[in-house]
$ cat protein-v6.cif   # mmCIF, C-alpha atoms (C1' of nucleotides)
data_structure
#
loop_
_atom_site.label_atom_id
_atom_site.label_comp_id
_atom_site.auth_asym_id
_atom_site.auth_seq_id
_atom_site.Cartn_x
_atom_site.Cartn_y
_atom_site.Cartn_z
CA MET M 9 3.75 -2.29 32.97
CA LEU M 10 6.38 -4.46 31.37
CA SER M 11 6.49 -5.05 27.65
CA ASP M 12 7.07 -8.52 26.26
CA VAL M 13 10.55 -7.57 25.23
CA SER M 14 11.64 -6.37 28.65
CA LYS M 15 10.02 -9.39 30.27
CA SER M 16 12.10 -11.76 28.17
CA TRP M 17 15.11 -9.65 29.01
CA TRP M 18 14.55 -10.15 32.71
CA ALA M 19 14.08 -13.85 32.14
CA ASN M 20 17.49 -13.92 30.51
CA ILE M 21 19.05 -12.06 33.43
CA LEU M 22 17.55 -14.52 35.87
CA LEU M 23 18.68 -17.52 33.82
CA TYR M 24 22.25 -16.39 33.50
CA GLY M 25 22.38 -15.21 37.07
CA LEU M 26 21.28 -18.68 38.12
CA CYS M 27 24.01 -20.26 35.99
CA LEU M 28 26.57 -17.98 37.56
CA GLY M 29 25.36 -18.80 41.03
CA LEU M 30 25.51 -22.52 40.36
CA LEU M 31 29.04 -22.25 39.07
CA LEU M 32 30.10 -20.24 42.10
CA ALA M 33 28.55 -22.86 44.37
CA ALA M 34 30.39 -25.57 42.47
CA LEU M 35 33.55 -23.58 42.95
CA GLN M 36 32.96 -23.32 46.68
CA PHE M 37 32.30 -27.04 46.96
CA SER M 38 35.36 -27.99 44.98
CA GLN M 39 37.55 -26.02 47.36
CA TYR M 40 37.64 -28.89 49.82
CA ARG M 41 38.88 -31.44 47.30
CA LEU M 42 41.24 -28.91 45.89
CA LEU M 43 43.08 -28.17 49.10
CA SER M 44 44.21 -31.76 49.43
CA PHE M 45 45.91 -31.55 46.07
CA GLY M 46 48.62 -29.33 47.45
CA ASN M 47 50.40 -27.05 45.04
CA SER M 48 48.49 -27.95 41.91
CA GLU M 49 46.12 -25.12 42.79
CA LYS M 50 47.84 -22.93 40.31
CA TRP M 51 46.59 -24.96 37.39
CA TYR M 52 43.25 -25.43 39.00
CA MET M 53 42.85 -21.72 39.37
CA GLY M 54 43.75 -21.21 35.75
CA LEU M 55 41.11 -23.75 34.82
CA ILE M 56 38.49 -21.92 36.86
CA ALA M 57 39.50 -18.63 35.31
CA THR M 58 39.26 -20.02 31.81
CA LEU M 59 35.94 -21.64 32.61
CA PHE M 60 34.51 -18.34 33.79
CA ALA M 61 35.96 -16.49 30.87
CA VAL M 62 34.20 -18.91 28.52
CA LEU M 63 31.01 -18.62 30.52
CA GLY M 64 31.31 -14.84 30.34
CA ILE M 65 31.76 -14.89 26.59
CA TRP M 66 28.79 -17.18 26.21
CA ALA M 67 26.63 -15.06 28.50
CA GLY M 68 27.79 -11.90 26.78
CA ARG M 69 26.83 -13.28 23.40
CA LYS M 70 23.47 -14.45 24.64
CA LEU M 71 22.70 -11.19 26.35
CA THR M 72 23.69 -8.87 23.57
CA ARG M 73 22.76 -10.78 20.46
CA LYS M 74 19.49 -9.87 18.84
CA PRO M 75 17.14 -12.81 19.14
CA LYS M 76 16.67 -14.67 15.89
CA PRO M 77 13.10 -15.09 14.67
CA ALA M 78 13.13 -18.80 15.43
CA GLU M 79 14.40 -18.43 18.98
CA ALA M 80 12.61 -15.24 19.91
CA PHE M 81 10.29 -15.32 22.87
CA ILE M 82 7.73 -13.25 21.04
CA ALA M 83 6.70 -13.29 17.41
CA PRO M 84 8.72 -10.68 15.52
CA GLU M 85 5.79 -9.67 13.33
CA PHE M 86 5.77 -6.13 12.13
CA ARG M 87 3.37 -3.78 13.89
CA PRO M 88 2.78 -0.29 12.56
CA LYS M 89 3.26 2.34 15.24
CA GLU M 90 -0.24 3.10 16.40
CA GLU M 91 0.60 6.44 17.98
CA VAL M 92 2.15 7.70 14.76
CA LEU M 93 -0.84 6.49 12.77
CA LYS M 94 -3.19 8.32 15.08
CA GLN M 95 -1.06 11.40 15.08
CA LEU M 96 -1.12 11.54 11.29
CA GLY M 97 -4.81 10.68 11.14
CA MET M 98 -4.05 7.73 8.89
CA THR M 99 -7.10 5.52 8.36
CA PRO M 100 -6.88 1.72 8.10
CA ARG M 101 -7.72 1.74 4.42
CA GLU M 102 -5.12 4.34 3.68
CA LEU M 103 -2.50 2.29 5.47
CA GLU M 104 -3.55 -0.71 3.43
CA VAL M 105 -3.07 1.20 0.21
CA LEU M 106 0.26 2.47 1.48
CA GLU M 107 1.43 -1.07 2.10
CA GLN M 108 0.50 -2.19 -1.39
CA MET M 109 2.20 0.89 -2.77
CA ALA M 110 5.38 -0.07 -0.94
CA LEU M 111 5.25 -3.47 -2.60
CA GLY M 112 5.76 -1.73 -5.91
CA LEU M 113 2.23 -2.12 -7.19
CA SER M 114 0.64 0.41 -9.53
CA ASN M 115 -2.59 2.13 -8.60
CA GLN M 116 -4.42 -0.12 -11.04
CA GLU M 117 -2.95 -3.24 -9.47
CA ILE M 118 -3.81 -2.00 -5.99
CA ALA M 119 -7.37 -1.35 -7.13
CA GLU M 120 -7.72 -4.91 -8.40
CA LYS M 121 -6.14 -6.38 -5.30
CA LEU M 122 -8.40 -4.46 -2.93
CA TYR M 123 -11.52 -4.79 -5.11
CA VAL M 124 -12.08 -1.07 -5.52
CA SER M 125 -11.94 1.32 -8.43
CA LEU M 126 -8.83 3.06 -9.67
CA ASN M 127 -10.32 6.39 -8.65
CA THR M 128 -10.76 5.19 -5.10
CA VAL M 129 -7.15 4.16 -4.91
CA LYS M 130 -6.14 7.54 -6.26
CA THR M 131 -8.17 9.23 -3.57
CA HIS M 132 -6.50 7.14 -0.89
CA THR M 133 -3.04 7.77 -2.25
CA SER M 134 -3.73 11.49 -2.42
CA ASN M 135 -4.82 11.49 1.20
CA VAL M 136 -1.77 9.46 2.19
CA PHE M 137 0.52 11.88 0.41
CA SER M 138 -0.95 14.92 2.07
CA LYS M 139 -0.88 13.23 5.48
CA LEU M 140 2.72 12.22 5.02
CA ASP M 141 3.46 15.61 3.52
CA VAL M 142 5.02 14.27 0.33
CA GLN M 143 4.38 14.61 -3.40
CA ARG M 144 5.42 11.25 -4.83
CA ARG M 145 4.89 7.63 -3.91
CA THR M 146 8.60 6.97 -3.68
CA GLN M 147 8.85 9.61 -0.98
CA ALA M 148 5.76 8.25 0.74
CA ILE M 149 7.29 4.79 0.96
CA GLN M 150 10.53 6.21 2.31
CA ARG M 151 8.75 8.30 4.89
CA ALA M 152 6.39 5.56 5.96
CA LYS M 153 9.30 3.21 6.53
CA ALA M 154 11.18 5.85 8.48
CA LEU M 155 8.12 6.44 10.66
CA GLY M 156 7.66 2.73 11.23
CA LEU M 157 4.30 2.58 9.51
CA ILE M 158 5.31 -0.20 7.14
CA ALA M 159 7.94 -2.94 7.17
CA MET F 9 43.73 -11.82 0.29
CA LEU F 10 42.12 -10.47 3.42
CA SER F 11 39.29 -8.02 3.25
CA ASP F 12 39.23 -5.00 5.52
CA VAL F 13 36.49 -6.54 7.57
CA SER F 14 38.32 -9.79 8.26
CA LYS F 15 41.51 -7.88 9.00
CA SER F 16 39.81 -5.89 11.74
CA TRP F 17 38.37 -9.13 13.04
CA TRP F 18 41.82 -10.61 13.44
CA ALA F 19 42.99 -7.43 15.10
CA ASN F 20 40.20 -7.86 17.63
CA ILE F 21 41.19 -11.46 18.26
CA LEU F 22 44.79 -10.45 18.85
CA LEU F 23 43.79 -7.63 21.16
CA TYR F 24 41.53 -9.72 23.33
CA GLY F 25 43.95 -12.62 23.28
CA LEU F 26 46.61 -10.27 24.56
CA CYS F 27 44.33 -9.08 27.35
CA LEU F 28 43.60 -12.64 28.33
CA GLY F 29 47.28 -13.51 28.34
CA LEU F 30 48.12 -10.51 30.51
CA LEU F 31 45.45 -11.43 33.00
CA LEU F 32 46.67 -15.01 33.15
CA ALA F 33 50.20 -13.76 33.75
CA ALA F 34 48.91 -11.51 36.52
CA LEU F 35 47.16 -14.50 37.96
CA GLN F 36 50.34 -16.54 37.91
CA PHE F 37 52.29 -13.75 39.54
CA SER F 38 49.74 -13.22 42.26
CA GLN F 39 49.94 -16.86 43.24
CA TYR F 40 53.04 -16.20 45.32
CA ARG F 41 51.46 -13.48 47.37
CA LEU F 42 48.29 -15.44 47.66
CA LEU F 43 49.85 -18.53 49.21
CA SER F 44 51.06 -16.58 52.17
CA PHE F 45 47.56 -15.50 52.94
CA GLY F 46 46.57 -18.94 54.04
CA ASN F 47 42.94 -19.97 53.80
CA SER F 48 41.59 -16.75 52.30
CA GLU F 49 42.19 -18.40 48.93
CA LYS F 50 38.54 -19.24 48.66
CA TRP F 51 37.55 -15.62 48.38
CA TYR F 52 40.47 -14.85 46.21
CA MET F 53 39.47 -17.57 43.83
CA GLY F 54 35.94 -16.25 43.72
CA LEU F 55 37.33 -12.84 42.90
CA ILE F 56 39.41 -14.24 40.06
CA ALA F 57 36.42 -16.15 38.74
CA THR F 58 34.24 -13.05 38.82
CA LEU F 59 36.96 -11.01 37.20
CA PHE F 60 37.25 -13.45 34.34
CA ALA F 61 33.51 -13.73 33.99
CA VAL F 62 33.33 -9.96 33.60
CA LEU F 63 36.22 -10.01 31.18
CA GLY F 64 34.45 -12.73 29.21
CA ILE F 65 31.25 -10.74 29.06
CA TRP F 66 33.15 -7.68 27.93
CA ALA F 67 35.06 -9.65 25.31
CA GLY F 68 31.90 -11.36 24.17
CA ARG F 69 30.17 -8.06 23.71
CA LYS F 70 33.08 -6.57 21.85
CA LEU F 71 33.52 -9.56 19.61
CA THR F 72 29.91 -10.04 18.64
CA ARG F 73 28.57 -6.52 18.55
CA LYS F 74 28.40 -4.86 15.19
CA PRO F 75 30.89 -2.00 15.20
CA LYS F 76 29.28 1.40 15.53
CA PRO F 77 30.16 3.97 12.90
CA ALA F 78 32.21 6.01 15.36
CA GLU F 79 34.20 3.12 16.76
CA ALA F 80 34.62 1.04 13.65
CA PHE F 81 38.11 0.24 12.46
CA ILE F 82 37.06 0.83 8.89
CA ALA F 83 34.56 3.29 7.52
CA PRO F 84 31.15 1.64 7.46
CA GLU F 85 30.21 3.36 4.22
CA PHE F 86 27.82 1.56 1.97
CA ARG F 87 29.46 -0.24 -0.92
CA PRO F 88 27.32 -1.50 -3.77
CA LYS F 89 28.01 -5.11 -4.62
CA GLU F 90 30.41 -4.89 -7.53
CA GLU F 91 29.79 -8.39 -8.80
CA VAL F 92 26.06 -7.79 -9.00
CA LEU F 93 26.63 -4.49 -10.79
CA LYS F 94 28.87 -6.17 -13.32
CA GLN F 95 26.49 -9.05 -13.73
CA LEU F 96 23.63 -6.68 -14.50
CA GLY F 97 25.80 -4.49 -16.71
CA MET F 98 24.92 -1.47 -14.61
CA THR F 99 27.01 1.57 -15.52
CA PRO F 100 28.24 4.10 -12.94
CA ARG F 101 25.92 6.80 -14.22
CA GLU F 102 22.93 4.49 -14.11
CA LEU F 103 23.73 3.60 -10.54
CA GLU F 104 23.96 7.26 -9.72
CA VAL F 105 20.52 7.89 -11.16
CA LEU F 106 19.21 4.88 -9.30
CA GLU F 107 20.48 6.29 -6.03
CA GLN F 108 18.79 9.63 -6.60
CA MET F 109 15.63 7.80 -7.57
CA ALA F 110 15.72 5.93 -4.27
CA LEU F 111 15.91 9.26 -2.45
CA GLY F 112 12.45 10.01 -3.79
CA LEU F 113 13.48 12.55 -6.39
CA SER F 114 11.55 13.04 -9.61
CA ASN F 115 13.30 12.71 -12.95
CA GLN F 116 13.29 16.48 -13.27
CA GLU F 117 14.94 16.89 -9.88
CA ILE F 118 17.52 14.25 -10.70
CA ALA F 119 18.28 16.04 -13.96
CA GLU F 120 18.91 19.29 -12.12
CA LYS F 121 21.00 17.61 -9.45
CA LEU F 122 23.19 15.80 -11.96
CA TYR F 123 23.34 18.72 -14.42
CA VAL F 124 21.86 16.82 -17.35
CA SER F 125 18.64 17.08 -19.29
CA LEU F 126 15.39 15.42 -18.33
CA ASN F 127 15.64 13.25 -21.42
CA THR F 128 19.00 11.92 -20.34
CA VAL F 129 17.63 10.96 -16.96
CA LYS F 130 14.77 9.20 -18.66
CA THR F 131 17.18 7.24 -20.80
CA HIS F 132 19.13 6.18 -17.73
CA THR F 133 16.04 5.21 -15.80
CA SER F 134 14.77 3.20 -18.74
CA ASN F 135 18.06 1.33 -18.91
CA VAL F 136 18.00 0.75 -15.17
CA PHE F 137 14.48 -0.65 -15.34
CA SER F 138 15.29 -3.08 -18.13
CA LYS F 139 18.48 -4.18 -16.38
CA LEU F 140 16.64 -4.72 -13.13
CA ASP F 141 13.75 -6.28 -15.02
CA VAL F 142 11.09 -4.01 -13.55
CA GLN F 143 8.48 -1.60 -14.88
CA ARG F 144 8.22 1.05 -12.19
CA ARG F 145 10.65 3.03 -10.11
CA THR F 146 9.15 1.79 -6.87
CA GLN F 147 9.96 -1.75 -7.93
CA ALA F 148 13.41 -0.70 -9.07
CA ILE F 149 14.19 0.78 -5.66
CA GLN F 150 12.93 -2.34 -3.91
CA ARG F 151 14.94 -4.62 -6.14
CA ALA F 152 18.10 -2.54 -5.96
CA LYS F 153 17.97 -2.60 -2.18
CA ALA F 154 17.38 -6.33 -2.16
CA LEU F 155 20.38 -6.83 -4.45
CA GLY F 156 22.55 -4.60 -2.27
CA LEU F 157 23.08 -2.00 -4.99
CA ILE F 158 21.89 0.90 -2.86
CA ALA F 159 21.66 1.58 0.86
"C1'" DG Y 16 42.58 4.66 -36.92
"C1'" DC Y 17 38.72 1.70 -35.91
"C1'" DT Y 18 35.49 -0.17 -32.59
"C1'" DG Y 19 32.51 -0.40 -28.85
"C1'" DA Y 20 30.82 1.19 -24.57
"C1'" DA Y 21 29.10 5.08 -22.17
"C1'" DA Y 22 26.98 9.37 -21.80
"C1'" DT Y 23 24.39 12.81 -23.67
"C1'" DC Y 24 20.07 14.65 -25.81
"C1'" DA Y 25 15.78 14.99 -28.82
"C1'" DC Y 26 11.16 13.72 -30.21
"C1'" DC Y 27 6.97 11.28 -29.97
"C1'" DC Y 28 3.60 8.58 -27.88
"C1'" DA Y 29 1.10 6.08 -24.31
"C1'" DA Y 30 0.36 5.00 -19.67
"C1'" DA Y 31 0.45 6.03 -14.98
"C1'" DA Y 32 0.37 9.15 -11.34
"C1'" DG Y 33 -1.18 13.14 -8.98
"C1'" DT Y 34 -4.72 17.21 -8.05
"C1'" DG Y 35 -9.16 19.10 -7.25
"C1'" DT Y 36 -13.98 18.97 -6.72
"C1'" DG Y 37 -18.16 16.86 -5.81
"C1'" DA Y 38 -21.15 13.34 -4.15
"C1'" DG Y 39 -23.52 9.24 -2.11
"C1'" DG Y 40 -23.84 5.57 1.52
"C1'" DG Y 41 -22.68 3.42 5.99
"C1'" DC Y 42 -21.56 3.53 10.70
"C1'" DT Y 43 -21.14 5.71 15.27
"C1'" DG Y 44 -21.36 8.49 19.19
"C1'" DA Y 45 -23.48 12.54 21.20
"C1'" DT D 22 -31.55 12.08 14.65
"C1'" DC D 23 -27.83 14.14 13.22
"C1'" DA D 24 -22.99 15.61 12.75
"C1'" DG D 25 -18.70 13.57 11.61
"C1'" DC D 26 -15.77 10.21 9.82
"C1'" DC D 27 -14.73 6.76 6.55
"C1'" DC D 28 -15.08 4.50 2.26
"C1'" DT D 29 -16.45 4.66 -2.14
"C1'" DC D 30 -16.57 6.54 -6.93
"C1'" DA D 31 -16.69 9.88 -10.85
"C1'" DC D 32 -14.81 13.37 -13.88
"C1'" DA D 33 -11.62 16.60 -15.57
"C1'" DC D 34 -7.20 18.16 -15.79
"C1'" DT D 35 -2.01 18.47 -15.31
"C1'" DT D 36 2.22 16.36 -14.42
"C1'" DT D 37 5.18 12.56 -14.32
"C1'" DT D 38 6.67 8.36 -15.92
"C1'" DG D 39 7.82 4.82 -19.12
"C1'" DG D 40 8.90 3.00 -23.93
"C1'" DG D 41 10.92 3.32 -28.39
"C1'" DT D 42 13.92 5.17 -31.86
"C1'" DG D 43 17.70 7.63 -33.41
"C1'" DA D 44 21.61 10.69 -33.11
"C1'" DT D 45 26.11 12.83 -31.48
"C1'" DT D 46 30.24 12.92 -28.72
"C1'" DT D 47 33.87 11.17 -25.96
"C1'" DC D 48 37.07 7.99 -24.63
"C1'" DA D 49 39.54 3.69 -23.76
"C1'" DG D 50 41.33 -0.48 -25.92
"C1'" DC D 51 42.88 -3.09 -29.76
#
$ encode --input "protein-v6.cif" --output "structure tokens"
Amino acid sequence: MLSDVSKSWWANILLYGLCLGLLLAALQFSQYRLLSFGNSEKWYMGLIATLFAVLGIWAGRKLTRKPKPAEAFIAPEFRPKEEVLKQLGMTPRELEVLEQMALGLSNQEIAEKLYVSLNTVKTHTSNVFSKLDVQRRTQAIQRAKALGLIA
Amino acid sequence: MLSDVSKSWWANILLYGLCLGLLLAALQFSQYRLLSFGNSEKWYMGLIATLFAVLGIWAGRKLTRKPKPAEAFIAPEFRPKEEVLKQLGMTPRELEVLEQMALGLSNQEIAEKLYVSLNTVKTHTSNVFSKLDVQRRTQAIQRAKALGLIA
DNA sequence: GCTGAAATCACCCAAAAGTGTGAGGGCTGA
DNA sequence: TCAGCCCTCACACTTTTGGGTGATTTCAGC
């Protein structure tokens, strides 16, 4: 099955292919008028070449540039990698605590934000650390980002 | 004065401009042979157009793609923003400690790595925190990254 | 030679973080 | 219904971190 990203990629290919085809057709059509102009073909050819070069640059930019958030086909929201989460056995609550941790909050602040006790947060953080195989929260944040668990 | 980045940019422009010029020259030259071929110009023109489209795509890619480490003109090493450092009054040693901190090391580990005492590291970290206007190391790392002080 | 910035270190104290154990309640699938 | 997972919380303990003060040394600049 196709992901959203690859689908939009194919849409781009089709779009630009269509543009190219149209331009080629226009080129074909213009041949008839051109021939009556005699030896000015040289300049005409240069014009066509330049036109296609510009088109190529434009297409190249469009095709290779990363889509900006505003123009993206799909929402660029962050999604934690589910397979990694499952593999580590990370529970939803633990991930939540991890996210707050990455925001620079203290355990106490996390507890207040999530409406649980400080001890509960400590339990979660401990579990997170052992699952990520780290000793400190700074390492946990690093690792979680590297694994794509948090933004 | 030109920065290294903008210098390489101009070098790219020159290079691709040269390629374009060469191709145009080749086009001019080939006109003579072409004319004797009679009405096969149509296909020839299409070929030229395709050629330039490909060239354009190639140039577009080259011009807009971020240079990879291996192919970059200049070393893509991280450079902390000097003006921000000066503005914050961050000393070289403090920055060094900050970097180690961002690697997830404890104060003790930083002390061993930098061959100083734990107390010295604590002094540095304290200074870093007050200069970055934060209370915890997690926040300091966040802020330093946001300010472009560390990678 | 004086001054100031930077780096070094010590000591003390408080707060936060991390470790380990135990335990109760809720929800779910076998 | 019952085992298993998850979430919750407590308590005790150690380690780490952060804050404040003060001191010494080195070194560049005036």
$ interface_residues --input "protein-v6.cif" --of "chain F" --to "chain D" --cutoff "8 Å" --atoms "all atoms listed in the file" --output "PyMOL selection string"
chain F and resi 114+134+143-144
$ closest_residue --input "protein-v6.cif" --among "M:Val136, M:Val129, M:Val142, M:Met98" --to "chain F" --atoms "only C-alpha atoms"
M:Val142
$ interface_residues --input "protein-v6.cif" --of "chain Y" --to "chain F" --cutoff "8 Å" --atoms "all atoms listed in the file" --output "list in words"
DA21, DT23, DC24 and DA25 of chain Y
$ atom_distance --input "protein-v6.cif" --atom1 "atom CA of F:Glu85" --atom2 "atom CA of F:Lys153"
15.0 Å
$ atom_distance --input "protein-v6.cif" --atom1 "atom CA of M:Ala110" --atom2 "atom CA of F:Thr146"
7.3 Å
$ closest_residue --input "protein-v6.cif" --among "F:Ala152, F:Val105, F:Leu113, F:Ala159" --to "F:Lys130" --atoms "all atoms listed in the file"
F:Val105
$ residues_around --input "protein-v6.cif" --residues "M:Pro88" --least-positions-apart "2" --cutoff "7 Å" --atoms "all atoms listed in the file" --output "mmCIF file with C-alpha atoms, in the frame of the given file"
data_model
loop_
_atom_site.group_PDB
_atom_site.id
_atom_site.type_symbol
_atom_site.label_atom_id
_atom_site.label_comp_id
_atom_site.auth_asym_id
_atom_site.auth_seq_id
_atom_site.Cartn_x
_atom_site.Cartn_y
_atom_site.Cartn_z
ATOM 1 C CA PHE M 86 5.770 -6.130 12.130
ATOM 2 C CA GLU M 90 -0.240 3.100 16.400
ATOM 3 C CA GLY M 156 7.660 2.730 11.230
ATOM 4 C CA LEU M 157 4.300 2.580 9.510
ATOM 5 C CA ILE M 158 5.310 -0.200 7.140
#
